[in-house]
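A.B. asks: One structure coming up, written as structure tokens, with questions to follow.
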Amino acid sequence: MNSEYFTSSAFLVPLIGGLKGFAVCMFGLNVGVILTWVERRLRGMIQDCIGPNRAAIPLPGKVAAIGLAAGPGLTAAAAVLGVAILMHVQQMDKSTVGAVFLQAGIFMLWMSLAAISRAVARDGAKNAVEEFVLGFGSPRAIALTGVATHIAFFALALFMDVQGESQAAFIAGRFWGGALLLAGTMAVSAAHVAAQWWGEKEVRITLLGLLHPAADGVKTAFKADFVPPNGDRLLYNLAPWITLLPALVLIAVVPFGPTMCFQPVAGSLLPDLAALTGIESVGNRCNEARLSLQAVDLNVGILYFFAMGGTGIVGAALAGWASDNKFSLLGGMRAASQMVSYEVTLGLTVVGALMVYGTVRIDEMVLWQAENAWGIFVQPFAFFLFLTAAIAETKRVPFDLPEGESELVAGYYTEYAGMKFAMFFFSEFIAVVSSSTLMAALFFGGWHLPFVTAQGIDIAWGGVSHYSTQLPAQALVALGVLGFIGKILALCVLQVVIRWTLPRFRYDQLMRLGWRKLLPASLLNVMVTATVILAVQSASPEAQQAIAQLGQWSMVFIALSGIAAGIALVVFLFVPTKKQRLVVSSAARFAEMMGGTREARMEA
Amino acid sequence: MSESTHAVPEVEYSAALGPNQVKGRVVNGPERNAAVQGYLPEIIKGLGKTIGYALRNTKDMVLGTRNDPVLESISDGINTLSYPEQKRPYPERFRGVHRLTQRPDGSPRCVACLCCSTACPAQCIHIEAGDYGGDKKREGFERYPKRFVIDELRCIFCGFCVEACPCDAIRMDTGIHPSPYDSRDQFIYEKDLLLSIPGRAGEHLTENPRVERGEDGYPGVTRDHGH
């Protein structure tokens with residue numbers, strides 16, 4: 001009853017726990033490293049400079065053409081055709097896959113046509129294919145036609161009402177047409193890229209600058225391991241670990257997806273995904289074996305998070321003291337006092353959320369939000385307080401006073417170099433990831449997505465269900481995990497944007513904000529929350545019914561905002577940028593004579 | 001009536017304005033209303049601006065429609081030259097790194113007259129002259145530089161050496177500036193290096209023709225005529 005999967009086996013529990021812990025650590029490390037790239041990339045885009053692009057794998061043109069374009073492209077095309085033929089031979093249902101093939105084929109077609117057309121408009125046509133594409137019109141026209149074609153085929157499939165033989169013919173035609181279109185476009189566009197690379201002497205693979213953090217990691221590992229001669233050798237070496245490890249283990253108590261219920265299979269050692277019977281929700285607990293998607297199932301939940309989060313700053317304070325440097329010491333002391341100031345706010349802010357959810361376990365908090373409304377609607381004020389305090393806890397701009405360059409050189413890690421410096425650096429980014437994880441779980445519904453229930457999709461508002469369908473438990477788990485990771489990434493990017501927008505506080509302003517504004521505000525939040533909870537509990541059943549419906553409307557609001565954001569993005573992509581041509585200086589006149597300043601094309 | 005209330009009050013010319021009678025203009029500080037003091041609305045506005053710039057520039061990069069930073073200025077947006085990936089073209093008469101021009105047979109045009117090293121205000125040119133021993137056409141008439149050294153770190157790129165040269169043997173039309181090196185001796189450019197640097201169009205000769213003594217069409221006094 002309610003036991004972890006196969007608790008009877010003394011061998012499996014540590015194995016599954018270890019696997020989950022490894023996955024969580026890898027998630028923290030990788031997202032942390034990618035976040036360093038996001039931060040540099042975003043800076044490049046905000047300030048209109050190139051950003052990280054120097055790390056590259058140079059490949060000879062012919063190798064790149066065969067290995068990176070022609071090879072994978074032709075393999076993918078062959079795979080599509082293979083799947084199609086296999087499905088035909090096995091007499092499987094072709095309607096869904098056929099629709100996917102067709103839409104993917106149309107997408108590939110207009111994307112590659114638009115890309116080629118853009119390149120031709122920039123560099124001129126170089127071969128017969130490009131001459132041919134030039135006849136289709138501008139990239140914008142191609143893209144708009146492509147989107148219109150998507151919608152047209154979708155509407156055709158939705159509204160066409162054919163029966164009997166003609167329906168079978170339609171499905172078969174869409175299946176084979178879609179498969180051939182997809183495979184053909186893949187092959188032709190891969191061949192086009194390969195043809196361009198074939199003549200190049202060298203192709204630089206930069207992956208949009210993603211290789212840059214990797215190169216930095218390798219570089220720091222080989223740098224000199226410097227220890228200040230008069231510093232405390234032991235503490236100096238210990239400090240980066242004390243900073244890095246707590247940041248990494250923070251996310252162990254956060255559930256990354258719904259808890260899965262299994263039908264135990266006799267004789268099987270590992271959980272059998274086919275025996276998945278469902279996922280847990282508030283009124284529906286597993287009564288057989290269960291497998292939660294959090295590394296450690298602690299009953300103290302969020303308290304563990306605060307305990308570990310507070311430990312990270314000890315590393316900074318130790319580093320400051322052990323470095324035998326005035327600036328380091330000042331930075332370490334600033335870090336310690338900042339931690340003390342903002343940890344109070346952080347804790348008190350969560351008290352309001354704890355009162356609403358009635359639990360300290362994060363998985364139960366997520367279940368509460370899935371049942372009622374996301375935390376941001378229940379505790380909106382607490383979210384902003386928590387975000388502020390969390391940024392101060394991770395020591396990032398605008399609260400990065402412990403490392404304030406303008407007055408403290410580099411603060412507590414002034415004397416650190418090489419991999420030890422990199423550990424401080426990465427722990428900062430990993431702390432961003434873990435605080436985003438906690439925020440997503442506390443205020444943004446964790447793995448819950450609007451209208452996704454424990455059984456499937458149920459679009460309901462005003463107490464009435466408008467559309468509902470069943471989904472297999474595997475799909476629900478996948479949706480939950482992907483949704484949660486998406487929320488974490490969005491919150492990480494929000495913190496990076498804050499970092500590139502706000503200037504640093506002065507130290508007295510920081511303390512004043514912490515003690516005289518945030519702390520009273522969080523206390524006030526607790527009082528107001530308590531009053532509202534009492535009021536709701538003593539309200540009439542009709543009023544409670546109305547509040548429950550408000551929760552449903554909040555889901556409608558989230559879904560509508562998501563759709564509106566998607567539409568806004570598409571519109572933004574198609575609206576042309578207005579530009580003026582203005583040749584001002586003598587250098588510009590000379591540049592115009594020479595045909596522009598673009599000696600190298602701008603790319604990441 | 002309303003006009004007078006909105007007008008900036010005229011300041012009387014007086015001793016308080018100083019000797020030049022400079023009138024100041026009142027610049028009001030930012031307004032302090034509830035929205036500004038509330039801090040959050042202004043922060044959200046700022047975040048929006050940041051995201052807007054990032055999205056617009058990302059779109060321009062992905063679609064390949066970034067403006068040419070020197071040629072164009074855009075009405076809204078930032079205009080940055082991404083050096084060294086993008087370079088501002090140097091004007092035609094930009095004085096870059098020196099080169100020693102060659103004769104058609106590949107030997108230096110320099111005759112080691114020391115005019116350039118004499119004209120050089122930074123004293124960064126060192127020439128050791130040598131004799132064309134055994135070459136009957138040139139022996140006794142002209143010398144050649146056994147060593148020709150320029151300290152590019154000392155050079156002030158004034159172009160006096162180019163002006164002083166009677167043979168058009170030293171030029172600064174390469175269009176490149178000295179690369180950064182990690183030690184001083186790498187800035188000492190020797191004769192072979194200077195001879196190998198081409199001009200802007202990749203040429204090692206100059207456009208001024210020069211027919212040397214002993215070659216067909218030599219305009220000057222020959223050995224038979226003169227001595």
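Naming works like this for the structure tokens: A, B, ... for the chains as they're shown, residue 1 at the start of each chain, ligands 1 onward in shown order.
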Quick check for you: according to DSSP on this backbone, which residues of region 432-580 of chain A are classed as alpha helix (DSSP H)? Reply as an MDAnalysis selection string.

C.D. replies: chainID A and resid 432:443 473:499 507:512 519:537 541:574

A.B. asks: Deliver the residues from the most recent selection as a file, using C-alpha atoms, as a compact mmCIF listing (two decimals), in the first residue's frame.

C.D. replies:
```txt
# COMPACT_ATOMS: atom_id res chain seq x y z
CA VAL A 432 19.39 29.67 -10.69
CA VAL A 433 18.13 26.38 -12.11
CA SER A 434 17.20 25.00 -8.69
CA SER A 435 15.46 28.19 -7.56
CA SER A 436 13.55 28.19 -10.87
CA THR A 437 12.61 24.57 -10.23
CA LEU A 438 11.24 25.43 -6.81
CA MET A 439 9.37 28.46 -8.15
CA ALA A 440 7.83 26.37 -10.92
CA ALA A 441 6.73 23.78 -8.37
CA LEU A 442 5.43 26.28 -5.80
CA PHE A 443 3.78 28.91 -7.99
CA ALA A 473 -0.91 7.27 -18.57
CA GLN A 474 2.41 7.21 -20.46
CA ALA A 475 1.36 10.28 -22.46
CA LEU A 476 0.25 12.06 -19.28
CA VAL A 477 3.63 11.42 -17.64
CA ALA A 478 5.49 12.63 -20.74
CA LEU A 479 3.32 15.77 -20.93
CA GLY A 480 3.91 16.47 -17.25
CA VAL A 481 7.69 16.08 -17.40
CA LEU A 482 8.03 18.14 -20.59
CA GLY A 483 5.72 20.83 -19.25
CA PHE A 484 7.66 21.07 -16.01
CA ILE A 485 11.01 21.33 -17.81
CA GLY A 486 9.50 24.00 -20.07
CA LYS A 487 8.37 26.00 -17.04
CA ILE A 488 11.82 25.69 -15.44
CA LEU A 489 13.53 26.91 -18.62
CA ALA A 490 11.10 29.83 -18.95
CA LEU A 491 11.79 30.92 -15.36
CA CYS A 492 15.56 30.55 -15.92
CA VAL A 493 15.32 32.81 -18.97
CA LEU A 494 13.28 35.29 -16.92
CA GLN A 495 16.12 35.44 -14.37
CA VAL A 496 18.67 35.91 -17.16
CA VAL A 497 16.61 38.76 -18.61
CA ILE A 498 16.45 40.37 -15.16
CA ARG A 499 20.23 40.02 -15.00
CA TYR A 507 24.79 47.82 -0.28
CA ASP A 508 22.69 49.95 2.07
CA GLN A 509 19.83 49.87 -0.45
CA LEU A 510 20.05 46.10 -0.48
CA MET A 511 19.81 45.89 3.29
CA ARG A 512 17.02 48.46 3.42
CA LEU A 519 10.36 41.39 5.47
CA PRO A 520 7.27 43.45 6.52
CA ALA A 521 5.68 42.68 3.17
CA SER A 522 6.13 38.95 3.66
CA LEU A 523 4.72 39.17 7.20
CA LEU A 524 1.76 41.08 5.81
CA ASN A 525 1.33 38.38 3.18
CA VAL A 526 1.14 35.73 5.91
CA MET A 527 -1.51 37.74 7.82
CA VAL A 528 -3.64 38.41 4.75
CA THR A 529 -3.39 34.78 3.65
CA ALA A 530 -4.48 33.57 7.09
CA THR A 531 -7.48 35.93 7.08
CA VAL A 532 -8.54 34.89 3.60
CA ILE A 533 -8.21 31.19 4.43
CA LEU A 534 -10.42 31.65 7.51
CA ALA A 535 -12.94 33.63 5.47
CA VAL A 536 -13.08 30.97 2.75
CA GLN A 537 -13.42 28.14 5.26
CA PRO A 541 -21.29 26.40 0.18
CA GLU A 542 -22.42 28.64 -2.71
CA ALA A 543 -19.45 30.97 -2.19
CA GLN A 544 -17.08 28.02 -2.02
CA GLN A 545 -18.57 26.73 -5.26
CA ALA A 546 -17.92 30.14 -6.85
CA ILE A 547 -14.31 30.10 -5.64
CA ALA A 548 -13.80 26.63 -7.12
CA GLN A 549 -15.10 27.96 -10.45
CA LEU A 550 -12.66 30.86 -10.22
CA GLY A 551 -9.94 28.20 -10.14
CA GLN A 552 -11.26 26.80 -13.42
CA TRP A 553 -11.32 30.27 -14.94
CA SER A 554 -7.66 30.72 -13.96
CA MET A 555 -6.85 27.66 -16.09
CA VAL A 556 -8.77 29.23 -18.98
CA PHE A 557 -6.74 32.37 -18.46
CA ILE A 558 -3.43 30.44 -18.60
CA ALA A 559 -4.47 28.58 -21.74
CA LEU A 560 -5.63 31.78 -23.46
CA SER A 561 -2.40 33.62 -22.53
CA GLY A 562 -0.39 30.75 -23.95
CA ILE A 563 -2.32 30.85 -27.23
CA ALA A 564 -2.07 34.66 -27.38
CA ALA A 565 1.70 34.49 -26.82
CA GLY A 566 2.03 31.94 -29.64
CA ILE A 567 0.02 34.09 -32.06
CA ALA A 568 1.98 37.21 -31.06
CA LEU A 569 5.24 35.38 -31.77
CA VAL A 570 4.09 34.29 -35.25
CA VAL A 571 2.85 37.81 -36.06
CA PHE A 572 6.13 39.26 -34.80
CA LEU A 573 8.11 36.93 -37.04
CA PHE A 574 6.19 38.01 -40.13
```

A.B. asks: From the DSSP assignment of the backbone, select every residue of region 401-543 of chain A that is strand (DSSP E or B), and format the answer as a ChimeraX atom specification.

C.D. replies: /A:452,456-461,464-470

A.B. asks: Taking N, CA and C atoms for each residue, export the selection above as a short mmCIF file (atom, residue, chain, number, x, y, z; two decimals), in the first residue's frame.

C.D. replies:
```cif
data_model
loop_
_atom_site.label_atom_id
_atom_site.label_comp_id
_atom_site.auth_asym_id
_atom_site.auth_seq_id
_atom_site.Cartn_x
_atom_site.Cartn_y
_atom_site.Cartn_z
N VAL A 452 -5.28 19.34 -18.14
CA VAL A 452 -4.81 17.97 -18.17
C VAL A 452 -5.11 17.35 -16.81
N GLY A 456 -7.04 12.31 -18.56
CA GLY A 456 -6.81 12.75 -19.93
C GLY A 456 -6.97 14.25 -20.01
N ILE A 457 -7.53 14.72 -21.12
CA ILE A 457 -7.73 16.15 -21.28
C ILE A 457 -9.20 16.45 -21.03
N ASP A 458 -9.45 17.48 -20.20
CA ASP A 458 -10.83 17.84 -19.87
C ASP A 458 -10.92 19.36 -19.86
N ILE A 459 -11.42 19.94 -20.96
CA ILE A 459 -11.52 21.39 -21.05
C ILE A 459 -12.85 21.79 -20.44
N ALA A 460 -12.76 22.41 -19.24
CA ALA A 460 -13.99 22.72 -18.52
C ALA A 460 -13.90 24.12 -17.96
N TRP A 461 -14.99 24.86 -18.05
CA TRP A 461 -15.09 26.11 -17.31
C TRP A 461 -16.55 26.34 -16.96
N VAL A 464 -18.84 23.32 -16.25
CA VAL A 464 -19.32 22.43 -17.30
C VAL A 464 -18.12 21.96 -18.13
N SER A 465 -18.09 20.70 -18.46
CA SER A 465 -17.02 20.19 -19.31
C SER A 465 -17.38 20.41 -20.78
N HIS A 466 -16.47 21.02 -21.54
CA HIS A 466 -16.78 21.35 -22.93
C HIS A 466 -16.16 20.36 -23.91
N TYR A 467 -15.05 19.75 -23.51
CA TYR A 467 -14.43 18.76 -24.38
C TYR A 467 -13.61 17.87 -23.48
N SER A 468 -13.69 16.59 -23.64
CA SER A 468 -12.84 15.73 -22.82
C SER A 468 -12.47 14.50 -23.62
N THR A 469 -11.27 14.01 -23.36
CA THR A 469 -10.80 12.82 -24.04
C THR A 469 -9.88 12.07 -23.11
N GLN A 470 -9.77 10.78 -23.30
CA GLN A 470 -8.88 9.96 -22.47
C GLN A 470 -7.50 9.92 -23.10
#
```

A.B. asks: Find the spatial neighbours of region 91-99 of chain B, counting only C-alpha atoms, within a cut-off of 9 Å - ignore same-chain residues fewer than 6 positions away - and output them as a JSON list (two decimals) with C-alpha atoms, in the first residue's frame.

C.D. replies:
```json
[["chain", "number", "residue", "atom", "x", "y", "z"],
["A", 586, "SER", "CA", 32.95, 59.48, -45.18],
["A", 587, "ALA", "CA", 33.79, 55.98, -44.02],
["A", 590, "PHE", "CA", 33.63, 54.60, -48.83],
["A", 591, "ALA", "CA", 31.99, 51.44, -47.45],
["B", 150, "ILE", "CA", 61.41, 48.24, -39.44],
["B", 152, "GLU", "CA", 56.57, 48.36, -36.26],
["B", 157, "PHE", "CA", 52.76, 55.60, -39.20],
["B", 158, "CYS", "CA", 53.42, 59.17, -40.38],
["B", 159, "GLY", "CA", 54.26, 58.08, -43.93],
["B", 162, "VAL", "CA", 57.05, 56.76, -48.31],
["B", 169, "ALA", "CA", 60.47, 51.10, -52.94],
["B", 170, "ILE", "CA", 58.64, 51.45, -49.62],
["B", 171, "ARG", "CA", 54.89, 51.83, -49.52],
["B", 172, "MET", "CA", 52.16, 51.74, -46.86],
["B", 173, "ASP", "CA", 49.25, 50.79, -49.13],
["B", 174, "THR", "CA", 48.70, 47.33, -47.65],
["B", 175, "GLY", "CA", 45.42, 48.22, -45.91],
["B", 176, "ILE", "CA", 46.35, 46.13, -42.86],
["B", 177, "HIS", "CA", 47.43, 47.25, -39.44],
["B", 178, "PRO", "CA", 50.08, 45.43, -37.42],
["B", 193, "LEU", "CA", 58.78, 39.69, -44.49],
["B", 194, "LEU", "CA", 58.45, 43.23, -45.79],
["B", 195, "LEU", "CA", 59.03, 42.01, -49.35],
["B", 196, "SER", "CA", 56.38, 39.32, -48.96],
["B", 197, "ILE", "CA", 53.56, 41.64, -47.87],
["B", 198, "PRO", "CA", 51.40, 42.50, -50.87],
["B", 199, "GLY", "CA", 49.50, 45.70, -51.56],
["B", 204, "HIS", "CA", 54.13, 43.10, -55.22]]
```

A.B. asks: Name all residues at most 8 Å from Ala247 (chain A) (count only C-alpha atoms; drop same-chain ones fewer than 4 positions away) and give them as a list in words.

C.D. replies: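 Near neighbours after the sequence-gap exclusion: Thr243, Met308, Gly309, Gly312, Ser427, Glu428, Ile430, Ala431 and Ser434 of chain A.
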
A.B. asks: Could you tell me how far CA of Ala183 (chain A) sits from CA of Ala78 (chain A), in Å to one decimal place?

C.D. replies: 7.0 Å

A.B. asks: CA of Tyr412 (chain A) and CA of Ala316 (chain A), how far apart in Å?

C.D. replies: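 If I compute the distance from CA of Ala316 (chain A) to CA of Tyr412 (chain A), I get 6.2 Å.
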
A.B. asks: Please determine, counting only C-alpha atoms, which residue among B:Gly106, B:Pro84, B:Gly202, B:Gly130 has the shortest atom-to-atom distance to chain A.

C.D. replies: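 Ranked by minimum distance to chain A, first place goes to B:Pro84.
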
A.B. asks: Closest to chain B among A:Thr145, A:Asn237, A:Thr206, A:Gln47, using only C-alpha atoms?

C.D. replies: A:Gln47

A.B. asks: Using only C-alpha atoms, pick whichever of B:Gln21, B:Ser82, B:Asn28, B:Thr101 has the shortest atom-to-atom distance to chain A.

C.D. replies: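 Ranking B:Gln21, B:Ser82, B:Asn28, B:Thr101 by distance to chain A, first place goes to B:Ser82.
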
A.B. asks: What lies within 12 Å of Met333 (chain A) using only C-alpha atoms, ignoring chain neighbours under 2 positions off, as a ChimeraX atom specification?

C.D. replies: /A:313-321,326-331,335-340,401-403,408,411-412,507

A.B. asks: Atoms to include: N, CA and C atoms. Write the selected residues as an mmCIF file, in the first residue's frame.

C.D. replies:
```cif
data_model
loop_
_atom_site.group_PDB
_atom_site.id
_atom_site.type_symbol
_atom_site.label_atom_id
_atom_site.label_comp_id
_atom_site.auth_asym_id
_atom_site.auth_seq_id
_atom_site.Cartn_x
_atom_site.Cartn_y
_atom_site.Cartn_z
ATOM 1 N N ILE A 313 25.882 29.426 0.919
ATOM 2 C CA ILE A 313 26.562 30.690 1.179
ATOM 3 C C ILE A 313 27.759 30.481 2.090
ATOM 4 N N VAL A 314 27.723 29.401 2.894
ATOM 5 C CA VAL A 314 28.870 29.119 3.758
ATOM 6 C C VAL A 314 30.128 29.007 2.903
ATOM 7 N N GLY A 315 29.996 28.394 1.736
ATOM 8 C CA GLY A 315 31.141 28.266 0.831
ATOM 9 C C GLY A 315 31.697 29.624 0.453
ATOM 10 N N ALA A 316 30.787 30.559 0.123
ATOM 11 C CA ALA A 316 31.247 31.896 -0.263
ATOM 12 C C ALA A 316 31.966 32.579 0.897
ATOM 13 N N ALA A 317 31.403 32.445 2.113
ATOM 14 C CA ALA A 317 32.030 33.080 3.271
ATOM 15 C C ALA A 317 33.389 32.459 3.551
ATOM 16 N N LEU A 318 33.473 31.118 3.431
ATOM 17 C CA LEU A 318 34.746 30.429 3.657
ATOM 18 C C LEU A 318 35.778 30.871 2.620
ATOM 19 N N ALA A 319 35.341 30.948 1.371
ATOM 20 C CA ALA A 319 36.258 31.345 0.299
ATOM 21 C C ALA A 319 36.812 32.722 0.596
ATOM 22 N N GLY A 320 35.944 33.630 1.053
ATOM 23 C CA GLY A 320 36.390 34.973 1.370
ATOM 24 C C GLY A 320 37.417 34.980 2.481
ATOM 25 N N TRP A 321 37.206 34.136 3.496
ATOM 26 C CA TRP A 321 38.123 34.151 4.630
ATOM 27 C C TRP A 321 39.440 33.453 4.292
ATOM 28 N N LYS A 326 41.808 41.183 1.244
ATOM 29 C CA LYS A 326 40.808 42.075 1.833
ATOM 30 C C LYS A 326 39.509 42.054 1.034
ATOM 31 N N PHE A 327 39.652 42.108 -0.285
ATOM 32 C CA PHE A 327 38.459 42.159 -1.122
ATOM 33 C C PHE A 327 37.650 40.870 -0.981
ATOM 34 N N SER A 328 38.372 39.743 -0.933
ATOM 35 C CA SER A 328 37.686 38.461 -0.777
ATOM 36 C C SER A 328 36.926 38.436 0.532
ATOM 37 N N LEU A 329 37.571 38.908 1.594
ATOM 38 C CA LEU A 329 36.944 38.871 2.911
ATOM 39 C C LEU A 329 35.683 39.732 2.920
ATOM 40 N N LEU A 330 35.813 40.934 2.346
ATOM 41 C CA LEU A 330 34.633 41.812 2.278
ATOM 42 C C LEU A 330 33.511 41.132 1.503
ATOM 43 N N GLY A 331 33.873 40.502 0.378
ATOM 44 C CA GLY A 331 32.866 39.830 -0.439
ATOM 45 C C GLY A 331 32.214 38.696 0.328
ATOM 46 N N ALA A 335 28.327 38.348 1.398
ATOM 47 C CA ALA A 335 27.523 37.175 1.037
ATOM 48 C C ALA A 335 26.805 36.648 2.259
ATOM 49 N N ALA A 336 27.538 36.543 3.383
ATOM 50 C CA ALA A 336 26.934 35.975 4.589
ATOM 51 C C ALA A 336 25.790 36.851 5.085
ATOM 52 N N SER A 337 26.014 38.171 5.145
ATOM 53 C CA SER A 337 24.965 39.029 5.697
ATOM 54 C C SER A 337 23.774 39.086 4.750
ATOM 55 N N GLN A 338 24.030 39.045 3.461
ATOM 56 C CA GLN A 338 22.937 39.039 2.487
ATOM 57 C C GLN A 338 22.086 37.784 2.647
ATOM 58 N N MET A 339 22.782 36.657 2.880
ATOM 59 C CA MET A 339 22.065 35.398 3.048
ATOM 60 C C MET A 339 21.159 35.484 4.259
ATOM 61 N N VAL A 340 21.693 36.001 5.378
ATOM 62 C CA VAL A 340 20.894 36.092 6.600
ATOM 63 C C VAL A 340 19.664 36.960 6.355
ATOM 64 N N LEU A 401 26.234 41.873 -4.959
ATOM 65 C CA LEU A 401 27.226 42.676 -4.232
ATOM 66 C C LEU A 401 28.415 41.881 -3.725
ATOM 67 N N PRO A 402 28.253 40.585 -3.348
ATOM 68 C CA PRO A 402 29.433 39.838 -2.896
ATOM 69 C C PRO A 402 30.529 39.783 -3.952
ATOM 70 N N GLU A 403 30.169 39.955 -5.236
ATOM 71 C CA GLU A 403 31.210 39.923 -6.255
ATOM 72 C C GLU A 403 31.259 41.239 -7.023
ATOM 73 N N LEU A 408 34.935 45.564 -5.403
ATOM 74 C CA LEU A 408 35.617 44.436 -4.748
ATOM 75 C C LEU A 408 36.399 43.555 -5.724
ATOM 76 N N GLY A 411 35.186 40.103 -5.633
ATOM 77 C CA GLY A 411 34.562 39.640 -4.408
ATOM 78 C C GLY A 411 35.206 38.384 -3.863
ATOM 79 N N TYR A 412 34.362 37.467 -3.383
ATOM 80 C CA TYR A 412 34.906 36.338 -2.627
ATOM 81 C C TYR A 412 35.734 35.398 -3.478
ATOM 82 N N TYR A 507 24.904 48.779 -1.362
ATOM 83 C CA TYR A 507 24.793 47.815 -0.278
ATOM 84 C C TYR A 507 23.737 48.226 0.746
#
```

A.B. asks: Env of Lys223 (chain A): 12 Å cut, atoms = only C-alpha atoms, seq-sep filter 3 positions within chain, self excluded. Answer as a ChimeraX atom specification.

C.D. replies: /A:216-220,226,416-422

A.B. asks: Would you put the residues from that selection into a file with N, CA and C atoms, as a compact mmCIF listing (two decimals), in the first residue's frame?

C.D. replies:
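To be explicit, this is the file written out as selection19.txt:
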```
# COMPACT_ATOMS: atom_id res chain seq x y z
N ASP A 216 35.05 26.29 -22.61
CA ASP A 216 35.44 26.96 -21.37
C ASP A 216 35.68 25.94 -20.26
N GLY A 217 34.79 24.93 -20.21
CA GLY A 217 34.96 23.90 -19.19
C GLY A 217 36.27 23.17 -19.36
N VAL A 218 36.59 22.78 -20.59
CA VAL A 218 37.85 22.07 -20.85
C VAL A 218 39.03 22.98 -20.51
N LYS A 219 38.92 24.25 -20.90
CA LYS A 219 40.01 25.19 -20.66
C LYS A 219 40.29 25.35 -19.17
N THR A 220 39.22 25.56 -18.37
CA THR A 220 39.44 25.80 -16.95
C THR A 220 40.03 24.58 -16.27
N PHE A 226 46.08 27.49 -8.49
CA PHE A 226 46.79 28.46 -7.65
C PHE A 226 46.19 28.48 -6.25
N TYR A 416 40.54 33.03 -6.81
CA TYR A 416 40.32 31.70 -7.38
C TYR A 416 40.56 31.73 -8.89
N ALA A 417 41.12 30.63 -9.38
CA ALA A 417 41.38 30.53 -10.81
C ALA A 417 41.05 29.11 -11.26
N GLY A 418 41.01 28.92 -12.54
CA GLY A 418 40.85 27.58 -13.10
C GLY A 418 39.55 26.93 -12.71
N MET A 419 39.61 25.64 -12.44
CA MET A 419 38.39 24.87 -12.21
C MET A 419 37.68 25.31 -10.95
N LYS A 420 38.45 25.78 -9.95
CA LYS A 420 37.77 26.19 -8.71
C LYS A 420 36.92 27.43 -8.95
N PHE A 421 37.44 28.35 -9.75
CA PHE A 421 36.63 29.50 -10.12
C PHE A 421 35.40 29.04 -10.89
N ALA A 422 35.63 28.08 -11.81
CA ALA A 422 34.51 27.61 -12.63
C ALA A 422 33.44 26.97 -11.76
```

A.B. asks: Select, from A:Trp198, A:Phe451, A:Phe399, A:Phe384, the residue with the minimum atom-to-atom distance to chain B, counting only C-alpha atoms.

C.D. replies: A:Phe384

A.B. asks: What does the distance from CA of Met87 (chain A) to CA of Phe107 (chain A) come to in Å, to one decimal?

C.D. replies: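 Distance reported for this atom pair: 22.4 Å.
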
A.B. asks: I need the residue nearest Thr118 (chain B) from this list: B:Glu163, B:Asp105, B:Asp68, B:Asp131. Use only C-alpha atoms for the distance.

C.D. replies: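 Among the listed residues, the smallest separation from Thr118 (chain B) belongs to B:Glu163.
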
A.B. asks: Can you tell me which residues surround region 183-186 of chain B at a distance of at most 10 Å, considering only C-alpha atoms, apart from same-chain residues fewer than 2 positions away, and format the answer as a PyMOL selection string?

C.D. replies: chain B and resi 151-153+179-181+188-190

A.B. asks: Choose the residue, out of B:Asn208, B:Gln123, B:Gln37, B:Thr58, that has the smallest atom-to-atom separation from chain A; count only C-alpha atoms.

C.D. replies: B:Thr58
